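Presented below is the structure to which this report refers.
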Amino acid sequence: MLLGLLLLLFVLCLYRVEVNLGGFHADYLSKPKTDSVKGFFIVAVLFKHAVGYLNDLECGFEGLGDHWFVSFNNCLGQLMVVMFLFYSGYGISESFKQKGEAYLKRYPTRRIMTTLLNFDVAVMAFVLLDWALGIRVTTSQVMLSLTGWENVGNSNWYIFVIIMCYVLAWVALRLPLRQWLHRAVFLFVLCLALLVVLSLIKDTYWFDTLMAFPAGFMFSACKDRVERFLQRWYWLLLTVLALSVAVQLYGFWSGWYVDRLCLTYNTLSITFGLLVVMLTMKVGIGNGALQWLGVHLFPIYIYMRIPMMIMVQWQPGLVTACPAAFVAVSLVVTLLIAWLYRYWQIRLG
């Protein structure tokens, strides 16, 4: 049954798909197109989180095709968030190119504070949920959760990392550097320093995809030259990137390489991001459903664990007996929360 949900996601991608074999989509990095790509991956993230709860309950995944669903999540792994980071870095760079200093003046409130405050609202919702479910959380845990450093049952690491990347991007944009590429290189160095710090304190998933953010920023800095190069040697480069991702994934799961800084996995993340970008140059995914998911990425990501926690606490036996229903209900309730999110969303600037 779980396989049906996975197939539904891929069928959704095929709806109104636009393939341009004779040329390239000029709008492959437009907001509607990138939102569609993010829409696909945010559903994949929900699937992965649901599998995590099912694993905690020692679900056997004995339904027809369930192993394909689990394998998809295991194979994609942390790469699910790569495009969120890549497109964020790219979008910040492009916004500054278009708006200049006016963009920077509103940046701290609109980018950083708005994200943090809306995240904190979600944290308090999880604190109330923990109280209702009888889950004990400490005061220090709650306080640190407001920064994303800890959690109270919610997803937190990505929010902490993306806010830090926002801050580092703001620093890079504020510097009086003449060459745009110099800003990109400086941001790359700052993010690498953040990676090193996190590697000393946190688990690997906190930083193993982090460098996709400055990679997106750098793509924007070199966009014209990179586009000409990619389009000139498109099929050769696409093949090389696809093979590279396949080999790197196989090497990672086979244990060929392990490094504490996860530089190899960050390299895989950048390669994967470029592969997706190249695919969207030819294949335009732009249906309204995926766009809606991408536009509402934040509330979907932040609140998706609420229905999962409730069902796992109240009906663990039913969850393991009907894992597909667990995932489907979690998805539907999360989408309802995302639709209602506008009523309590905080907007600054």
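We name chains A, B, ... following the order of the structure tokens; residues begin at 1 in each chain, and ligands are numbered from 1 as shown.
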
Proximity of range 192-226 of chain A to range 93-115 of chain A: per-residue shortest pair, 12 Å limit, only C-alpha atoms, as a Markdown table:
| residue | atom | partner | partner_atom | distance |
| --- | --- | --- | --- | --- |
| A:Phe213 | CA | A:Ser93 | CA | 10.8 |
| A:Pro214 | CA | A:Ser93 | CA | 9.8 |
| A:Ala215 | CA | A:Ser93 | CA | 11.0 |
| A:Gly216 | CA | A:Ser93 | CA | 8.5 |
| A:Phe217 | CA | A:Ser93 | CA | 5.6 |
| A:Met218 | CA | A:Ser93 | CA | 8.4 |
| A:Phe219 | CA | A:Ser93 | CA | 9.2 |
| A:Ser220 | CA | A:Ser93 | CA | 6.2 |
| A:Ala221 | CA | A:Ser93 | CA | 7.4 |
| A:Cys222 | CA | A:Ser93 | CA | 10.8 |
| A:Lys223 | CA | A:Glu94 | CA | 10.0 |

- Item | All residues 9 Å or closer to Ser269 in chain A, only C-alpha atoms, same chain fewer than 4 positions away omitted, as a list in words | Gln78, Leu79, Val82, Met83, Asp208, Thr209, Leu210, Met211, Ala212, Val245, Thr264, Tyr265, Gly273 and Leu274 of chain A

Output file for the residues above (N, CA, C and O atoms, as a compact mmCIF listing (two decimals), in the first residue's frame):
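Result file is part.txt:
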# COMPACT_ATOMS: atom_id res chain seq x y z
N GLN A 78 19.54 12.23 3.01
CA GLN A 78 19.65 13.66 3.27
C GLN A 78 19.57 14.50 1.99
O GLN A 78 19.40 15.72 2.06
N LEU A 79 19.67 13.86 0.85
CA LEU A 79 19.58 14.60 -0.42
C LEU A 79 18.21 15.24 -0.60
O LEU A 79 18.03 16.10 -1.45
N VAL A 82 18.50 19.00 -0.22
CA VAL A 82 19.52 19.70 -1.00
C VAL A 82 18.95 20.85 -1.80
O VAL A 82 19.49 21.97 -1.81
N MET A 83 17.82 20.62 -2.48
CA MET A 83 17.28 21.67 -3.34
C MET A 83 16.72 22.83 -2.55
O MET A 83 16.72 23.97 -3.03
N ASP A 208 25.85 17.66 6.69
CA ASP A 208 26.31 16.89 5.53
C ASP A 208 25.76 17.39 4.19
O ASP A 208 26.21 16.94 3.13
N THR A 209 24.79 18.32 4.23
CA THR A 209 24.29 18.92 2.98
C THR A 209 24.44 20.44 2.99
O THR A 209 23.98 21.12 2.08
N LEU A 210 25.08 20.98 4.00
CA LEU A 210 25.14 22.42 4.23
C LEU A 210 25.72 23.20 3.04
O LEU A 210 25.25 24.29 2.70
N MET A 211 26.73 22.61 2.38
CA MET A 211 27.44 23.35 1.32
C MET A 211 26.60 23.53 0.06
O MET A 211 27.02 24.23 -0.86
N ALA A 212 25.43 22.92 0.02
CA ALA A 212 24.53 23.15 -1.13
C ALA A 212 24.05 24.60 -1.14
O ALA A 212 23.73 25.14 -2.21
N VAL A 245 26.69 10.88 -9.41
CA VAL A 245 25.76 10.75 -8.28
C VAL A 245 25.54 9.27 -7.95
O VAL A 245 25.54 8.89 -6.77
N THR A 264 32.70 14.53 1.66
CA THR A 264 32.32 13.67 0.54
C THR A 264 30.81 13.73 0.29
O THR A 264 30.36 13.81 -0.86
N TYR A 265 30.03 13.73 1.38
CA TYR A 265 28.58 13.79 1.20
C TYR A 265 28.15 15.19 0.77
O TYR A 265 27.19 15.35 0.01
N GLY A 273 22.51 18.47 -6.62
CA GLY A 273 21.83 19.74 -6.90
C GLY A 273 22.01 20.17 -8.35
O GLY A 273 21.06 20.60 -9.02
N LEU A 274 23.23 20.06 -8.85
CA LEU A 274 23.51 20.43 -10.25
C LEU A 274 22.79 19.49 -11.21
O LEU A 274 22.32 19.92 -12.27

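If only C-alpha atoms are the atoms counted, then among A:Cys262, A:Met304, A:Met143, A:Ile163 the closest residue to Val196 in chain A is A:Cys262.
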
- Item | Close residues, Ala193 in chain A itself excluded, 12 Å, only C-alpha atoms, min 5 positions apart in chain, as number ranges by chain | A: 164-165, 168, 186-188, 198-200, 207, 210-211, 261

- Item | Nearest to Leu128 in chain A, chosen from A:Gly153, A:Gly39, A:Gly148, A:Gly89, with only C-alpha atoms counted in the distances |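 The closest residue to Leu128 in chain A is A:Gly153.
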
- Item | Backbone-only DSSP, alpha helix (DSSP H) members of range 58-240 of chain A, as an NGL selection string | :A and (66-76 or 82-99 or 101-107 or 114-133 or 139-145 or 157-174 or 180-201 or 212-221 or 223-232 or 234-240)

- Query: So how far away is CA of Val123 in chain A from CA of Asn156 in chain A, in Å?
  - Reply: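 Calculated distance between CA of Asn156 in chain A and CA of Val123 in chain A is 9.1 Å.
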
Output as a tab-separated table one row per residue of range 216-315 of chain A within 10 Å of range 8-28 of chain A: the closest atom pair and its distance in Å to one decimal place, counting only C-alpha atoms, sorted by chain and residue number ascending.
residue	atom	partner	partner_atom	distance
A:Gln231	CA	A:Phe24	CA	8.0
A:Val277	CA	A:Tyr28	CA	7.7
A:Met278	CA	A:Tyr28	CA	8.9
A:Leu279	CA	A:Tyr28	CA	9.2
A:Thr280	CA	A:Tyr28	CA	5.7
A:Met281	CA	A:His25	CA	5.2
A:Lys282	CA	A:Asn20	CA	5.1
A:Val283	CA	A:Val19	CA	4.5
A:Gly284	CA	A:Glu18	CA	4.8
A:Ile285	CA	A:Val17	CA	5.0
A:Gly286	CA	A:Val17	CA	6.6
A:Asn287	CA	A:Arg16	CA	5.9
A:Gly288	CA	A:Arg16	CA	9.2
A:Ala289	CA	A:Leu12	CA	7.8
A:Leu290	CA	A:Cys13	CA	7.5

Writer output for current selection, all heavy atoms, as an mmCIF file, in the first residue's frame:
data_model
loop_
_atom_site.group_PDB
_atom_site.id
_atom_site.type_symbol
_atom_site.label_atom_id
_atom_site.label_comp_id
_atom_site.auth_asym_id
_atom_site.auth_seq_id
_atom_site.Cartn_x
_atom_site.Cartn_y
_atom_site.Cartn_z
ATOM 1 N N GLN A 231 24.798 24.226 -21.428
ATOM 2 C CA GLN A 231 23.993 24.039 -22.631
ATOM 3 C C GLN A 231 24.844 23.545 -23.804
ATOM 4 O O GLN A 231 24.367 22.777 -24.640
ATOM 5 C CB GLN A 231 23.290 25.347 -22.979
ATOM 6 C CG GLN A 231 22.197 25.724 -21.990
ATOM 7 C CD GLN A 231 21.545 27.055 -22.302
ATOM 8 O OE1 GLN A 231 21.834 27.682 -23.320
ATOM 9 N NE2 GLN A 231 20.662 27.518 -21.418
ATOM 10 N N VAL A 277 19.198 20.594 -11.376
ATOM 11 C CA VAL A 277 19.131 21.839 -12.152
ATOM 12 C C VAL A 277 19.221 21.547 -13.642
ATOM 13 O O VAL A 277 18.451 22.100 -14.443
ATOM 14 C CB VAL A 277 20.261 22.806 -11.722
ATOM 15 C CG1 VAL A 277 20.394 23.961 -12.717
ATOM 16 C CG2 VAL A 277 19.977 23.365 -10.332
ATOM 17 N N MET A 278 20.141 20.669 -14.020
ATOM 18 C CA MET A 278 20.281 20.329 -15.439
ATOM 19 C C MET A 278 19.034 19.626 -15.971
ATOM 20 O O MET A 278 18.604 19.877 -17.100
ATOM 21 C CB MET A 278 21.515 19.457 -15.657
ATOM 22 C CG MET A 278 22.833 20.207 -15.552
ATOM 23 S SD MET A 278 24.194 19.335 -16.373
ATOM 24 C CE MET A 278 23.734 19.499 -18.104
ATOM 25 N N LEU A 279 18.457 18.751 -15.182
ATOM 26 C CA LEU A 279 17.241 18.061 -15.617
ATOM 27 C C LEU A 279 16.101 19.046 -15.849
ATOM 28 O O LEU A 279 15.338 18.917 -16.807
ATOM 29 C CB LEU A 279 16.837 17.014 -14.584
ATOM 30 C CG LEU A 279 17.703 15.748 -14.504
ATOM 31 C CD1 LEU A 279 17.297 14.903 -13.309
ATOM 32 C CD2 LEU A 279 17.581 14.941 -15.796
ATOM 33 N N THR A 280 15.998 20.057 -14.974
ATOM 34 C CA THR A 280 14.907 21.031 -15.110
ATOM 35 C C THR A 280 15.129 21.985 -16.279
ATOM 36 O O THR A 280 14.200 22.687 -16.679
ATOM 37 C CB THR A 280 14.734 21.847 -13.815
ATOM 38 O OG1 THR A 280 15.967 22.493 -13.468
ATOM 39 C CG2 THR A 280 14.298 20.951 -12.673
ATOM 40 N N MET A 281 16.332 22.017 -16.822
ATOM 41 C CA MET A 281 16.576 22.811 -18.027
ATOM 42 C C MET A 281 15.841 22.215 -19.229
ATOM 43 O O MET A 281 15.468 22.925 -20.162
ATOM 44 C CB MET A 281 18.082 22.898 -18.321
ATOM 45 C CG MET A 281 18.872 23.675 -17.275
ATOM 46 S SD MET A 281 20.667 23.634 -17.555
ATOM 47 C CE MET A 281 20.806 24.791 -18.908
ATOM 48 N N LYS A 282 15.624 20.903 -19.174
ATOM 49 C CA LYS A 282 14.937 20.207 -20.266
ATOM 50 C C LYS A 282 13.514 19.776 -19.894
ATOM 51 O O LYS A 282 12.633 19.749 -20.740
ATOM 52 C CB LYS A 282 15.736 18.955 -20.660
ATOM 53 C CG LYS A 282 17.046 19.220 -21.397
ATOM 54 C CD LYS A 282 16.784 19.577 -22.859
ATOM 55 C CE LYS A 282 18.077 19.645 -23.648
ATOM 56 N NZ LYS A 282 17.835 20.032 -25.057
ATOM 57 N N VAL A 283 13.336 19.432 -18.616
ATOM 58 C CA VAL A 283 12.051 18.907 -18.155
ATOM 59 C C VAL A 283 11.421 19.920 -17.204
ATOM 60 O O VAL A 283 11.906 20.117 -16.084
ATOM 61 C CB VAL A 283 12.225 17.550 -17.449
ATOM 62 C CG1 VAL A 283 10.861 17.007 -17.016
ATOM 63 C CG2 VAL A 283 12.938 16.564 -18.359
ATOM 64 N N GLY A 284 10.356 20.546 -17.637
ATOM 65 C CA GLY A 284 9.684 21.547 -16.820
ATOM 66 C C GLY A 284 8.550 20.951 -16.016
ATOM 67 O O GLY A 284 7.574 20.451 -16.581
ATOM 68 N N ILE A 285 8.701 20.945 -14.696
ATOM 69 C CA ILE A 285 7.653 20.450 -13.802
ATOM 70 C C ILE A 285 6.954 21.671 -13.229
ATOM 71 O O ILE A 285 7.531 22.390 -12.421
ATOM 72 C CB ILE A 285 8.239 19.580 -12.684
ATOM 73 C CG1 ILE A 285 9.003 18.395 -13.281
ATOM 74 C CG2 ILE A 285 7.138 19.072 -11.759
ATOM 75 C CD1 ILE A 285 9.723 17.550 -12.249
ATOM 76 N N GLY A 286 5.724 21.902 -13.634
ATOM 77 C CA GLY A 286 5.092 23.146 -13.229
ATOM 78 C C GLY A 286 3.609 23.052 -12.944
ATOM 79 O O GLY A 286 2.878 23.998 -13.210
ATOM 80 N N ASN A 287 3.146 21.905 -12.415
ATOM 81 C CA ASN A 287 1.708 21.834 -12.147
ATOM 82 C C ASN A 287 1.367 22.515 -10.825
ATOM 83 O O ASN A 287 2.202 22.661 -9.934
ATOM 84 C CB ASN A 287 1.217 20.379 -12.168
ATOM 85 C CG ASN A 287 1.738 19.556 -11.013
ATOM 86 O OD1 ASN A 287 1.346 19.738 -9.877
ATOM 87 N ND2 ASN A 287 2.644 18.625 -11.317
ATOM 88 N N GLY A 288 0.136 22.943 -10.716
ATOM 89 C CA GLY A 288 -0.301 23.736 -9.584
ATOM 90 C C GLY A 288 -0.187 23.040 -8.243
ATOM 91 O O GLY A 288 0.093 23.684 -7.226
ATOM 92 N N ALA A 289 -0.400 21.730 -8.202
ATOM 93 C CA ALA A 289 -0.356 20.995 -6.936
ATOM 94 C C ALA A 289 1.040 21.019 -6.333
ATOM 95 O O ALA A 289 1.219 21.319 -5.141
ATOM 96 C CB ALA A 289 -0.810 19.553 -7.152
ATOM 97 N N LEU A 290 2.053 20.725 -7.150
ATOM 98 C CA LEU A 290 3.424 20.747 -6.649
ATOM 99 C C LEU A 290 3.862 22.164 -6.304
ATOM 100 O O LEU A 290 4.594 22.383 -5.336
ATOM 101 C CB LEU A 290 4.376 20.141 -7.682
ATOM 102 C CG LEU A 290 4.351 18.618 -7.824
ATOM 103 C CD1 LEU A 290 5.301 18.168 -8.926
ATOM 104 C CD2 LEU A 290 4.720 17.942 -6.507
#

- Task: Work out how far apart CA of Tyr234 in chain A and CA of Phe272 in chain A are and give it in Å to one decimal.
- Result: 15.5 Å

- Length of the CA of His296 in chain A to CA of Ala44 in chain A vector [Å]: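 Pair CA of His296 in chain A / CA of Ala44 in chain A returns 14.4 Å.
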
- Query: Nearest to Asp130 in chain A among A:Leu238, A:Asn151, A:Ala338, A:Phe41, with distances taken over only C-alpha atoms: which residue is it?
  - Reply: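 Nearest candidate to Asp130 in chain A out of A:Leu238, A:Asn151, A:Ala338, A:Phe41: A:Asn151.
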
- Task: Within 7 Å of Leu57 in chain A, counting only C-alpha atoms, which residues show up once you throw out same-chain ones fewer than 3 positions away? Write them as a ChimeraX atom specification, please.
- Result: /A:53-54,320

Take the residues from that selection and put them in a file with N, CA, C and O atoms, as an mmCIF file, in the first residue's frame.
data_model
loop_
_atom_site.group_PDB
_atom_site.id
_atom_site.type_symbol
_atom_site.label_atom_id
_atom_site.label_comp_id
_atom_site.auth_asym_id
_atom_site.auth_seq_id
_atom_site.Cartn_x
_atom_site.Cartn_y
_atom_site.Cartn_z
ATOM 1 N N TYR A 53 9.143 7.165 12.334
ATOM 2 C CA TYR A 53 8.228 6.769 13.408
ATOM 3 C C TYR A 53 7.855 5.292 13.297
ATOM 4 O O TYR A 53 7.750 4.591 14.310
ATOM 5 N N LEU A 54 7.659 4.820 12.077
ATOM 6 C CA LEU A 54 7.321 3.407 11.883
ATOM 7 C C LEU A 54 8.476 2.502 12.301
ATOM 8 O O LEU A 54 8.263 1.435 12.876
ATOM 9 N N THR A 320 1.121 0.578 13.182
ATOM 10 C CA THR A 320 1.939 -0.513 12.635
ATOM 11 C C THR A 320 1.103 -1.465 11.788
ATOM 12 O O THR A 320 1.619 -2.083 10.857
#

- Item | Selected residue of minimal separation from Asn73 in chain A among A:Ala184, A:Ala169, A:Val329, A:Leu3, counting only C-alpha atoms | A:Leu3

- Could you tell me which of A:Phe84, A:Gly63, A:Leu46, A:Gln291 comes closest to Met308 in chain A if we count only C-alpha atoms?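 Looking at the shortest contact to Met308 in chain A, the residue is A:Leu46.
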